[in-house]
Structures are given as C-alpha cells and as structure tokens.
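Below: the structure, in structure tokens.
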Protein chains: 2
Amino acid sequence: MAAIRTVRSFNRAVTQRIGLFTDRFLDRDRPLAEARLIFEIGSDGVDVRELRARLDLDSGYLSRLLRSLERQGLVEVVPLAQDRRIRRVRLTPGGDRERQELDRRSDEFARILLDPLAEDERRRILDAMREVERLLSLSAAVIEWPDPTSADGRWCVEQYCSELAERFEMGFDLGRSISADVEELRPPRGAFLVARLDGRPIGCGALKTAGPQVGSIKRMWVARSARGFGLGRRILAALEMRATDLGFSRVCLETNRFLGEAQKLYRRNGFTEVAAFNDDPYADHWFEKTLRQK
Amino acid sequence: MAAIRTVRSFNRAVTQRIGLFTDRFLDRDRPLAEARLIFEIGSDGVDVRELRARLDLDSGYLSRLLRSLERQGLVEVVPLAQDRRIRRVRLTPGGDRERQELDRRSDEFARILLDPLAEDERRRILDAMREVERLLSLSAAVIEWPDPTSADGRWCVEQYCSELAERFEMGFDLGRSISADVEELRPPRGAFLVARLDGRPIGCGALKTAGPQVGSIKRMWVARSARGFGLGRRILAALEMRATDLGFSRVCLETNRFLGEAQKLYRRNGFTEVAAFNDDPYADHWFEKTLRQK
DNA sequence: CTAGACCTCGGACTAAAGTCAGAGGATGGC
DNA sequence: GCCATCCTCTGACTTTAGTCCGAGGTCTAG
C-alpha cells in the first residue's frame, strides 16, 4: 500500500508542477491544442491520420485546427502523391519558427527546473527521471496476440530478420533456420505476440510446438529504441504463461553466440543451458525451462 | 544539453501517460474541475478561501462550481462560526462516497501501472519516483525576503522556537538566546528569508550583523515535511549570497549539540568549526565560513 | 458608529474544447 | 466499371473553462 501511496503522490506532484508548465510555456496567445499540434507536426511533417491517432483527436476537430493554422500561415496540408486520400501536414517556414520558439521555451523550463539544484542533486534528478521514464514505458507497453500474418506482425519479423542478418557474422536467412511457419504460430499449435507502445509495435515473440508438451520459443525481438527497459522479460513471461495455457510443460529455445544480452535474459529468467537438441545452423546455445503448472 | 533533453523527454512521457490517466480515471460524467474539487475538499473539508488559493481559481468560478456540487447534493457550504465572512466546504455523505470512488480509481491506476512490472522493477520505479518528487519539490521551492514581522515570517520563527524547545534537553526560550531583534534582521544590518512551496512557508533563515564585515546566520529552520530534500542547502546558499551583497566577508553561526543534521549541513557546505565566539546559552558548536567575493 | 478591508456570490461574457453526422473525393478488389 | 472502404472536411452543436466586475454581507481598527 505504501507503493500505491508513492505512485499517487508522484502523480499529483508531477502533474501539478509539470502540467502547470505546459500551460504557461506553450502559451503563445494561441489555443493550447494548436501549440501542441505545431509541436507534434515537427520539422519533418506528418500524415494527418497519424496525427489524429497520436493525439487521439476527433477528425473534425483536427481538421478545423489545421484550417486555423493554415489561415495563420503556419502549416500547409497537401495530398500524398501515392494515395491522394491521405494528406500530409508540413510546417511553413513561419510555422517552423513558431515551433522553434516553443522548443526554446520548453528548454527554458528545463533550465528553470534544474537551475536551483546543486550539482549532485541535478545528477540525481536526471537519473531518476530517466529511470521513471523507462519503467513507465515498460509498464505502458501492451502485449497483444494478433495473427502472425497481420501487417504489424510481419513488420516485426522483418525487423527481427534484418537485425540478425546484420549481427551474425554469417548473415541470416530465415529460410535456412528451423522452420516456424505461420501455421505453426497459431493456436492450438503455437502463438504469436506483438508488444506495442502507444500503438507502435516495439517487439514480438512466438511459440511453436517442438514435441509432446514441449514448446519452442522463437522470434524474440525488441526494437532498439525499447531496449534496456525490461521488455524482453515481459515478452518472455507472457510467452511462458501462454505456453502453460496451451498445455506445454516445458519450453526450449536456441540462440546464437552473437546475442549475448539474449542469453543473459534467458539465464536470468530461469532457463538453463542444455545440450544441442536440434541442428539449426544459426544456433550455438540451447536452453530450456520447466514451466510451473497453474 | 543532454540534461535538458532528459527533462524534456521526461515531461513529455509523464504528462502523456499520467495526464491521460487524470482524464480517464477522474472522469465520472462530471467536469474535471468538479472532480478535482471533490478531491481537494477531502474528507475533512476546507475553507473556500484556501481552496481558491490552492487551486488558483477565480472566486466567481469557484463559487459557481461549488453551487453546482451543492445542487448535486455532494457538498455543503456553511459560514465559519468565528468569522462569518469565511465559508467552509464539507462533503455530504453522498459527496464523500464520490470522493472514495475517485480515490479508488486513483489507486486502481497506481495498481495498473505497477502490475506489469517485476518485483525489482517495481522497487526501482518507486525509488525513482520518490527521488523525482523530492527534487522537484526542492526545485519548486521559492525563496522570498519578506519583512520579519510578516505573518508567515512570524509563523516560521514560532515553529523554529517550538521545535528547539522540544528537542533541547534544557528547553528553549528565544529571549535568553543571543538577540536577533526584528530591527537587526532588516537591511542594511541583516536579512530575513522565507522559503515557500506552493505558497506555503516551509522554512526560514536570517542574517544579522555580528561585527565589522561579519554576518551571523540565525533562525535556520526547515519544516519537518520538507526535510531531507536539500532545502537547508538552498536556504544556506541564499543567505550566503545575500551576506555577500550586504558587504560581509565572513559569516559565522552557533548551533546546539542536539542538532546533528544542522552541523552536518554546515560542514558539508564549507563551514569550519571554530572556538566559541560568544556565550549563547544554547550554543555548543561555533562555525564560520569566509565568503567568496563576487 | 463608521470607513475600509475581506470574502463570497451571481450575472454576463468569451474562448476553447470536444462531439456528431453526413458529404464527397480517392482507392482497391472483384 | 462498380461498390465498399478509407480519409478528410464542413457545419451545427454542446459543454467546459475561465474572466471581469460590481453587489452585498461581515469584520476590525479607530
């Protein structure tokens, strides 16, 4: 219960102090929603649809906000060449100046916050902020079980492959590795998960049948941007739980010598190294773990 | 600059994730402002004037919000017996049920946040949250130089005295201690500061003339609720800076053997213990520090 | 007893935020 | 080529949030 009190107190303190800032510093005689929009469009521009998803705005509302910014000469909205239903927003030079001004103010707030602190206090608050942010992200990550053929699922597997190709001395060709066809990754024979953060896929993992009551873990991947947060552990734990549900009493996996962090992850989470149980050309280490029954 | 990026990224992440919560979890088919009000009134009730100060609301606006809650049967507003200009708001039983419901939701959010984390991650995020909260408070504390006779100034000094009375074996009587009259604590002979957090006084400190070019630090006090944040350091630093401005080249102070943390604070901030330079009946240790000229 | 200060209240607004429904152009699959 | 679907836009609203200001009750110092 002390934990809950800590979280509540933190929420309160932070929303008060930082929320106040958002109001004051982003306020340039312009509705907050518009200022946030300028910020969110950024110097590169975005598709309207993505903007809507990111900020979770009503399409009519967003459209009207964009019209207003357009009237002020801050943005321009043009249809995308490939698909003229989609429109892309871009800041005009004037809009970008505005964005830079907002940026400057945001920096100024950070300076005001750090300024009264002594050197070591500053170091400590920065460390703690990074820690909170990291773990909040981890906590906010959502695990879903889409079909392995879904767009995001395929995207994750592609990322997984291209990363392995890059890291393995011998390159990587999914076809040569021990199979894990789409069919094998669907219940009841297996499962496939995608982890998302704010809607964006940031990791995946899969489970297939390796033998009677034995599951095999495949396709464990975490986006570079989400590494070091503990997401690997969450994915692994979710797969193990799912494995239990699917009736496996044991899971195994193989991994490559170039993936040191992965081996550490498995060991830390109760996997023990065993003798080779297959001849996957990319495998150097084999692990297994007996699942606790529910 | 990495520091500024860290702060900005933290602000963004936290306002997004926690701000979202505020909207969703406090939303009970009721304007947010009303929900916040119910929360802020709490189970004990508050004076309308304090509510206004705490939430920084326009008096008309607040009044209208209270009328609305009254119509819903959630609060009652009654004039205070001692001063019938001031009115006190109290939750009705129905209002308190509502408050408990909001409380429950707030707890639930905390649980949702902690739930996906492993034991050690949970411990780490809680530690980091406490750290951020503490240091944000420290950073948000504001140092002011009111007249020593101001209401808040006198209040702080009273707190200071009653705490010393409680902690000293021999009790404490301000009159017997080396004097520091109001006159002595005003420029150009001295100075008096109050530290505030969100408007509430949480500490004080004073400076008087002890000899040619020598200042004496008096009345250093930090509210119990604000201890361990580093506020003592900020007050001390502010007094030293002011001492330089007033033309002192050296500051000294005396302290009592029962105030261990205070001695540590002085030593940590460049004060060195010296032989007794006065006969204050409550002093056991004497310190001084040569100020760096600007 | 009175003037001035304090506190709260209600009226009259304005601006911002957000919702809903439907129009209409663009695209892709058949 | 046709139809369902996707994406964006506009118009017509409602609800919240917030500001300004003067009225009027209550208290305190002189």
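A note on labels: chains of the structure tokens are A, B, ... as shown, every chain counts residues from 1, and ligands are counted from 1 in their shown order.
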May I have the residues of chain D within 12 Å of chain B, counting only C-alpha atoms (C1' of nucleotides), written as a CSV table (one decimal) with C-alpha atoms (C1' of nucleotides), in the first residue's frame?
chain,number,residue,atom,x,y,z
D,15,DT,C1',-20.1,21.5,-22.7
D,16,DT,C1',-16.2,23.3,-20.1
D,17,DA,C1',-13.2,26.6,-18.7
D,18,DG,C1',-12.1,30.9,-17.4
D,19,DT,C1',-12.5,36.2,-16.9
D,20,DC,C1',-14.4,40.7,-15.2
D,21,DC,C1',-16.9,43.3,-12.3
D,22,DG,C1',-19.9,45.1,-9.1
D,24,DG,C1',-23.6,42.9,-0.6
D,25,DG,C1',-22.7,40.7,3.9
D,26,DT,C1',-19.1,40.7,7.8
D,27,DC,C1',-15.3,42.1,10.5
D,28,DT,C1',-11.8,45.3,12.6
Who sits within 10 Å of Thr209 of chain A, only C-alpha atoms (C1' of nucleotides), same chain under 4 positions skipped, as a ChimeraX atom specification:
/A:180,184-185,187-191,213-217,243,246,248,251-252
Sorted per-residue table, chain B near chain A, closest atoms and distance, 9 Å, only C-alpha atoms, as a Markdown table:
| residue | atom | partner | partner_atom | distance |
| --- | --- | --- | --- | --- |
| B:Ala3 | CA | A:Leu126 | CA | 6.8 |
| B:Ile4 | CA | A:Ala110 | CA | 5.6 |
| B:Arg5 | CA | A:Asp107 | CA | 8.0 |
| B:Thr6 | CA | A:Leu126 | CA | 6.7 |
| B:Val7 | CA | A:Ala110 | CA | 5.8 |
| B:Arg8 | CA | A:Ala110 | CA | 6.6 |
| B:Ser9 | CA | A:Glu133 | CA | 8.1 |
| B:Phe10 | CA | A:Glu133 | CA | 5.9 |
| B:Asn11 | CA | A:Ile18 | CA | 6.6 |
| B:Ala13 | CA | A:Glu133 | CA | 6.4 |
| B:Val14 | CA | A:Glu133 | CA | 7.1 |
| B:Thr15 | CA | A:Thr15 | CA | 6.7 |
| B:Arg17 | CA | A:Leu136 | CA | 7.9 |
| B:Ile18 | CA | A:Asn11 | CA | 6.6 |
| B:Gly19 | CA | A:Thr15 | CA | 6.9 |
| B:Thr22 | CA | A:Thr15 | CA | 8.9 |
| B:Ser106 | CA | A:Arg8 | CA | 7.1 |
| B:Asp107 | CA | A:Ile4 | CA | 6.3 |
| B:Glu108 | CA | A:Ile4 | CA | 8.8 |
| B:Phe109 | CA | A:Arg8 | CA | 8.7 |
| B:Ala110 | CA | A:Ile4 | CA | 5.6 |
| B:Arg111 | CA | A:Ile4 | CA | 6.9 |
| B:Ile112 | CA | A:Ser139 | CA | 8.4 |
| B:Leu113 | CA | A:Ser139 | CA | 5.9 |
| B:Leu114 | CA | A:Ser139 | CA | 7.0 |
| B:Asp115 | CA | A:Ser139 | CA | 7.7 |
| B:Pro116 | CA | A:Ser139 | CA | 5.6 |
| B:Leu117 | CA | A:Ser139 | CA | 6.2 |
| B:Ala118 | CA | A:Arg234 | CA | 8.5 |
| B:Glu121 | CA | A:Leu135 | CA | 7.2 |
| B:Arg122 | CA | A:Leu135 | CA | 8.4 |
| B:Arg123 | CA | A:Ala3 | CA | 8.6 |
| B:Arg124 | CA | A:Glu131 | CA | 7.7 |
| B:Ile125 | CA | A:Val132 | CA | 5.5 |
| B:Leu126 | CA | A:Thr6 | CA | 6.7 |
| B:Asp127 | CA | A:Ala128 | CA | 8.1 |
| B:Ala128 | CA | A:Ala128 | CA | 4.6 |
| B:Met129 | CA | A:Phe10 | CA | 6.1 |
| B:Arg130 | CA | A:Thr6 | CA | 6.9 |
| B:Glu131 | CA | A:Ala128 | CA | 6.3 |
| B:Val132 | CA | A:Ile125 | CA | 5.5 |
| B:Glu133 | CA | A:Phe10 | CA | 5.9 |
| B:Arg134 | CA | A:Ile125 | CA | 8.8 |
| B:Leu135 | CA | A:Ile125 | CA | 6.3 |
| B:Leu136 | CA | A:Leu113 | CA | 7.6 |
| B:Ser137 | CA | A:Ala13 | CA | 8.0 |
| B:Leu138 | CA | A:Leu117 | CA | 7.7 |
| B:Ser139 | CA | A:Pro116 | CA | 5.6 |
| B:Ala140 | CA | A:Leu113 | CA | 7.4 |
| B:Ala141 | CA | A:Pro116 | CA | 8.8 |
| B:Gly230 | CA | A:Glu121 | CA | 8.3 |
| B:Arg233 | CA | A:Ala118 | CA | 8.7 |
| B:Arg234 | CA | A:Pro116 | CA | 7.8 |
Taking only C-alpha atoms (C1' of nucleotides) into account, what are the residues of chain C at most 12 Å from chain B, put as number ranges by chain?
C: 5-11
For the strand (DSSP E) assignment from backbone DSSP, which residues of segment 94-273 of chain B qualify? Please present them as a count of residues only.
39
Which residues are close to DC3 of chain D, i.e. within 12 Å by only C-alpha atoms (C1' of nucleotides), leaving aside same-chain residues fewer than 5 positions away? Reply as a list in words.
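That gives DT27, DG28, DG29 and DC30 of chain C.
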